[in-house]
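**Student:** This is the structure I have questions about; it appears just below.
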Amino acid sequence: MVQRAVRKAVPADLDDAELVRRVLDRDTDAFAAIMQRHNRRLYRIARSVLRNSAEAEDVVQEGYVAAFTHLASYRGESSLGAWLARIVMNEALGRLRRKPTAADFAPLEAVPEAEIIQFPSVTANENPERTMAQRQILQLVEEATDALPDVYRVVFVTRVIEGMSVEETADLLCIKPETVKTRLHRARQLLRDQLNRQIGPIMMDAFPFAGRRCERLAASVLKRLGLYK
């Protein structure tokens, strides 16, 4: 009876060069480790361009295929993550250019497991009302982010949501670091204005003061004014 060789788990701290070497040696575990390490960032980058979850996933898949097909050409001049991000960015931009103009503004589909930002999961000790409020705010942030003009949205996602440095973002987008800073500043302004318009009316219902508390306060004030016995 032939037994399969048991693979050892890929260490989490394995560097890019070693991961690439293992993948080139047909180590499927190293292949999976690379994807798990970079999936979220690549997905967010693709979605920041396309504003469509399903298309972003397709682009990430196509990006991985292209990357691993040409992995031998990776020389380590930049981090593996940056190299993959550039491939996915180019794939996303290419797909965007091929899309009909009207499709660029198609309604976004709801994919709960593909959220841009994730709040902590609900536990038994959490307040359901607070959790609902967090989810509502999350949705508002996502919608406001999607509504940003393309040049600002991509910078906002890479810098703020994904935490890439100014230099990494500039290299990814082929722009100057000063341009990254300017666009990020403008993106924050636009996002803040949009959220103020949306959250303002909601905040009118915050900290409700009704029922017995309201009646008690009213009675106390009227009594002090001599209008209530």
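Residues are referred to by chain and number: the chain letter is A, B, ... according to the order shown in the structure tokens, the number counts from 1 in that chain, and ligands are numbered separately from 1 in the order shown.
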Could you pull the residues within 7 Å of region 47-53 of chain A, counting only C-alpha atoms, minus those fewer than 3 positions along the same chain, as a PDB file with N, CA and C atoms, in the first residue's frame?

**Tutor:**
```pdb
ATOM      1  N   TYR A  43      -7.714  41.403  -3.036  1.00  0.00           N
ATOM      2  CA  TYR A  43      -9.155  41.561  -3.260  1.00  0.00           C
ATOM      3  C   TYR A  43      -9.579  43.014  -3.079  1.00  0.00           C
ATOM      4  N   ARG A  44      -9.115  43.639  -2.031  1.00  0.00           N
ATOM      5  CA  ARG A  44      -9.503  45.021  -1.764  1.00  0.00           C
ATOM      6  C   ARG A  44      -8.996  45.968  -2.846  1.00  0.00           C
ATOM      7  N   ALA A  56     -14.090  41.476  -8.711  1.00  0.00           N
ATOM      8  CA  ALA A  56     -12.836  41.586  -7.971  1.00  0.00           C
ATOM      9  C   ALA A  56     -12.257  40.201  -7.691  1.00  0.00           C
ATOM     10  N   GLU A  57     -13.112  39.251  -7.326  1.00  0.00           N
ATOM     11  CA  GLU A  57     -12.644  37.892  -7.080  1.00  0.00           C
ATOM     12  C   GLU A  57     -12.087  37.278  -8.359  1.00  0.00           C
ATOM     13  N   ALA A  92      -7.103  44.530 -13.062  1.00  0.00           N
ATOM     14  CA  ALA A  92      -8.348  45.237 -12.753  1.00  0.00           C
ATOM     15  C   ALA A  92      -8.549  46.432 -13.680  1.00  0.00           C
ATOM     16  N   LEU A  93      -7.480  47.190 -13.903  1.00  0.00           N
ATOM     17  CA  LEU A  93      -7.577  48.350 -14.793  1.00  0.00           C
ATOM     18  C   LEU A  93      -7.875  47.918 -16.223  1.00  0.00           C
ATOM     19  N   LEU A  96     -11.485  47.087 -16.385  1.00  0.00           N
ATOM     20  CA  LEU A  96     -12.295  48.297 -16.319  1.00  0.00           C
ATOM     21  C   LEU A  96     -12.337  48.984 -17.681  1.00  0.00           C
ATOM     22  N   LEU A 108     -24.233  47.859  -6.957  1.00  0.00           N
ATOM     23  CA  LEU A 108     -23.348  46.888  -6.327  1.00  0.00           C
ATOM     24  C   LEU A 108     -24.159  45.772  -5.707  1.00  0.00           C
ATOM     25  N   ALA A 114     -17.667  39.434   1.778  1.00  0.00           N
ATOM     26  CA  ALA A 114     -16.640  40.174   1.042  1.00  0.00           C
ATOM     27  C   ALA A 114     -16.640  41.641   1.424  1.00  0.00           C
ATOM     28  N   ASP A 146     -17.332  53.514  -1.893  1.00  0.00           N
ATOM     29  CA  ASP A 146     -17.613  53.173  -3.293  1.00  0.00           C
ATOM     30  C   ASP A 146     -17.997  54.394  -4.107  1.00  0.00           C
ATOM     31  N   ASP A 150     -12.834  57.567  -8.750  1.00  0.00           N
ATOM     32  CA  ASP A 150     -11.853  56.493  -8.872  1.00  0.00           C
ATOM     33  C   ASP A 150     -10.483  56.845  -8.301  1.00  0.00           C
ATOM     34  N   ARG A 153     -10.708  56.949  -4.513  1.00  0.00           N
ATOM     35  CA  ARG A 153     -11.132  55.703  -3.878  1.00  0.00           C
ATOM     36  C   ARG A 153      -9.974  54.715  -3.764  1.00  0.00           C
ATOM     37  N   VAL A 154      -9.222  54.540  -4.835  1.00  0.00           N
ATOM     38  CA  VAL A 154      -8.132  53.573  -4.813  1.00  0.00           C
ATOM     39  C   VAL A 154      -7.073  53.971  -3.789  1.00  0.00           C
ATOM     40  N   VAL A 157      -8.452  53.291  -0.211  1.00  0.00           N
ATOM     41  CA  VAL A 157      -8.471  51.871   0.145  1.00  0.00           C
ATOM     42  C   VAL A 157      -7.063  51.361   0.430  1.00  0.00           C
TER      43      VAL A 157
END
```

**Student:** For Ile45 (chain A), work out the shell of residues within 12 Å, counting only C-alpha atoms and skipping chain neighbours fewer than 6 positions away, then give it as number ranges by chain.

**Tutor:** A: 38-39, 51-53, 55-57, 59-60, 63, 81-82, 84-93, 116, 150, 153-164, 169, 172-173

**Student:** Looking at A:Ala17, A:Arg97, A:Cys214, A:Phe31, which one is nearest to Val65 (chain A), with distances taken over only C-alpha atoms?

**Tutor:**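 Closest to Val65 (chain A) of all the choices is A:Phe31.
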
**Student:** Within 12 Å of Glu178 (chain A), counting only C-alpha atoms, which residues qualify if same-chain residues fewer than 5 places away don't, as a compact mmCIF listing (two decimals) with N, CA and C atoms, in the first residue's frame?

**Tutor:**
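Wrote it out as around06.txt, contents follow:
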```txt
# COMPACT_ATOMS: atom_id res chain seq x y z
N VAL A 166 2.80 55.32 1.99
CA VAL A 166 2.72 56.28 0.89
C VAL A 166 3.57 55.80 -0.29
N GLU A 167 4.76 55.32 0.01
CA GLU A 167 5.68 54.87 -1.04
C GLU A 167 5.12 53.65 -1.77
N THR A 169 1.97 52.79 -2.07
CA THR A 169 0.82 53.22 -2.86
C THR A 169 1.27 53.96 -4.11
N ALA A 170 2.26 54.82 -3.97
CA ALA A 170 2.78 55.57 -5.11
C ALA A 170 3.34 54.62 -6.16
N ASP A 171 4.07 53.60 -5.69
CA ASP A 171 4.66 52.64 -6.62
C ASP A 171 3.57 51.82 -7.31
N ARG A 183 -4.28 63.22 -2.84
CA ARG A 183 -5.51 62.48 -3.12
C ARG A 183 -6.12 61.89 -1.86
N LEU A 184 -5.28 61.45 -0.94
CA LEU A 184 -5.80 60.90 0.31
C LEU A 184 -6.50 61.99 1.11
N HIS A 185 -5.90 63.18 1.16
CA HIS A 185 -6.52 64.29 1.87
C HIS A 185 -7.89 64.61 1.28
```

**Student:** Compare A:Ile199, A:Cys174, A:Ala66, A:Leu148 by their minimum atom-to-atom distance to Ala187 (chain A), counting only C-alpha atoms, and give me the closest one.

**Tutor:**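 Nearest to Ala187 (chain A): A:Leu148.
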
**Student:** At what distance in Å, to one decimal, does CA of Thr28 (chain A) lie from CA of Leu14 (chain A)?

**Tutor:**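 So the two atoms, CA of Leu14 (chain A) and CA of Thr28 (chain A), lie 14.8 Å apart.
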
**Student:** Counting only C-alpha atoms, what is within 12 Å of region 32-34 of chain A, bar same-chain residues fewer than 4 positions away, as number ranges by chain?

**Tutor:** A: 9-23, 26-28, 38-42, 64, 67-68, 71, 80-81, 84

**Student:** Produce a file of the selected residues containing N, CA and C atoms, as a short mmCIF file (atom, residue, chain, number, x, y, z; two decimals), in the first residue's frame.

**Tutor:**
```cif
data_model
loop_
_atom_site.label_atom_id
_atom_site.label_comp_id
_atom_site.auth_asym_id
_atom_site.auth_seq_id
_atom_site.Cartn_x
_atom_site.Cartn_y
_atom_site.Cartn_z
N ALA A 9 3.40 21.82 7.74
CA ALA A 9 2.77 23.12 7.58
C ALA A 9 3.82 24.16 7.25
N VAL A 10 3.45 25.08 6.37
CA VAL A 10 4.38 26.14 5.99
C VAL A 10 4.47 27.15 7.13
N PRO A 11 5.65 27.43 7.66
CA PRO A 11 5.78 28.40 8.76
C PRO A 11 5.22 29.76 8.37
N ALA A 12 4.53 30.39 9.29
CA ALA A 12 3.89 31.68 8.99
C ALA A 12 4.90 32.78 8.71
N ASP A 13 6.10 32.64 9.27
CA ASP A 13 7.10 33.70 9.11
C ASP A 13 8.08 33.43 7.97
N LEU A 14 7.77 32.47 7.12
CA LEU A 14 8.65 32.16 6.00
C LEU A 14 8.74 33.37 5.07
N ASP A 15 9.94 33.72 4.64
CA ASP A 15 10.09 34.92 3.81
C ASP A 15 9.69 34.65 2.36
N ASP A 16 9.54 35.75 1.61
CA ASP A 16 9.05 35.66 0.24
C ASP A 16 9.93 34.76 -0.63
N ALA A 17 11.24 34.93 -0.51
CA ALA A 17 12.17 34.18 -1.36
C ALA A 17 12.02 32.68 -1.17
N GLU A 18 11.86 32.25 0.07
CA GLU A 18 11.72 30.83 0.34
C GLU A 18 10.37 30.31 -0.15
N LEU A 19 9.32 31.10 0.03
CA LEU A 19 8.01 30.70 -0.49
C LEU A 19 8.05 30.52 -2.00
N VAL A 20 8.67 31.47 -2.68
CA VAL A 20 8.77 31.40 -4.14
C VAL A 20 9.56 30.15 -4.53
N ARG A 21 10.67 29.89 -3.83
CA ARG A 21 11.49 28.72 -4.15
C ARG A 21 10.67 27.44 -4.01
N ARG A 22 9.86 27.37 -2.95
CA ARG A 22 9.06 26.17 -2.72
C ARG A 22 7.98 26.01 -3.77
N VAL A 23 7.38 27.12 -4.17
CA VAL A 23 6.35 27.04 -5.21
C VAL A 23 6.95 26.57 -6.53
N ARG A 26 7.12 23.07 -6.94
CA ARG A 26 5.79 22.45 -7.00
C ARG A 26 5.23 22.11 -5.62
N ASP A 27 5.57 22.91 -4.62
CA ASP A 27 5.03 22.73 -3.27
C ASP A 27 3.67 23.43 -3.19
N THR A 28 2.61 22.65 -3.21
CA THR A 28 1.27 23.24 -3.21
C THR A 28 0.93 23.94 -1.90
N HIS A 38 -1.92 36.94 1.02
CA HIS A 38 -2.15 38.14 0.22
C HIS A 38 -3.57 38.30 -0.31
N ASN A 39 -4.44 37.32 -0.07
CA ASN A 39 -5.79 37.37 -0.62
C ASN A 39 -6.54 38.66 -0.30
N ARG A 40 -6.56 39.03 0.97
CA ARG A 40 -7.38 40.17 1.38
C ARG A 40 -6.92 41.46 0.72
N ARG A 41 -5.61 41.70 0.73
CA ARG A 41 -5.11 42.93 0.13
C ARG A 41 -5.40 42.97 -1.37
N LEU A 42 -5.16 41.87 -2.05
CA LEU A 42 -5.38 41.85 -3.50
C LEU A 42 -6.86 42.03 -3.84
N TYR A 64 -3.48 35.77 -9.88
CA TYR A 64 -2.68 34.67 -9.36
C TYR A 64 -2.19 33.76 -10.49
N ALA A 67 0.55 35.52 -12.19
CA ALA A 67 1.74 35.60 -11.33
C ALA A 67 2.47 34.27 -11.25
N PHE A 68 1.72 33.20 -10.99
CA PHE A 68 2.37 31.91 -10.81
C PHE A 68 2.87 31.34 -12.13
N LEU A 71 6.20 33.15 -12.30
CA LEU A 71 6.84 33.30 -11.00
C LEU A 71 8.37 33.25 -11.11
N LEU A 80 7.07 40.42 -2.47
CA LEU A 80 6.16 39.58 -3.24
C LEU A 80 4.75 40.17 -3.24
N GLY A 81 4.35 40.75 -2.10
CA GLY A 81 3.03 41.37 -2.02
C GLY A 81 2.88 42.52 -2.98
N LEU A 84 2.65 41.12 -6.57
CA LEU A 84 1.32 40.59 -6.83
C LEU A 84 0.29 41.71 -6.96
#
```

**Student:** As an exercise, work out the distance from CA of Gly76 (chain A) to CA of Arg95 (chain A) in Å and give it to one decimal place.

**Tutor:**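 Answer for the CA of Gly76 (chain A) to CA of Arg95 (chain A) separation: 27.0 Å.
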
**Student:** Any chance you could list, as a ChimeraX atom specification, the residues in region 14-201 of chain A that come up alpha helix (DSSP H) when DSSP is run on the backbone?

**Tutor:** /A:16-24,28-50,53-69,80-98,128-147,150-156,166-173,177-201

**Student:** Give me, please, the distance in Å between CA of Leu191 (chain A) and CA of Ala147 (chain A), quoted to one decimal.

**Tutor:** 8.6 Å
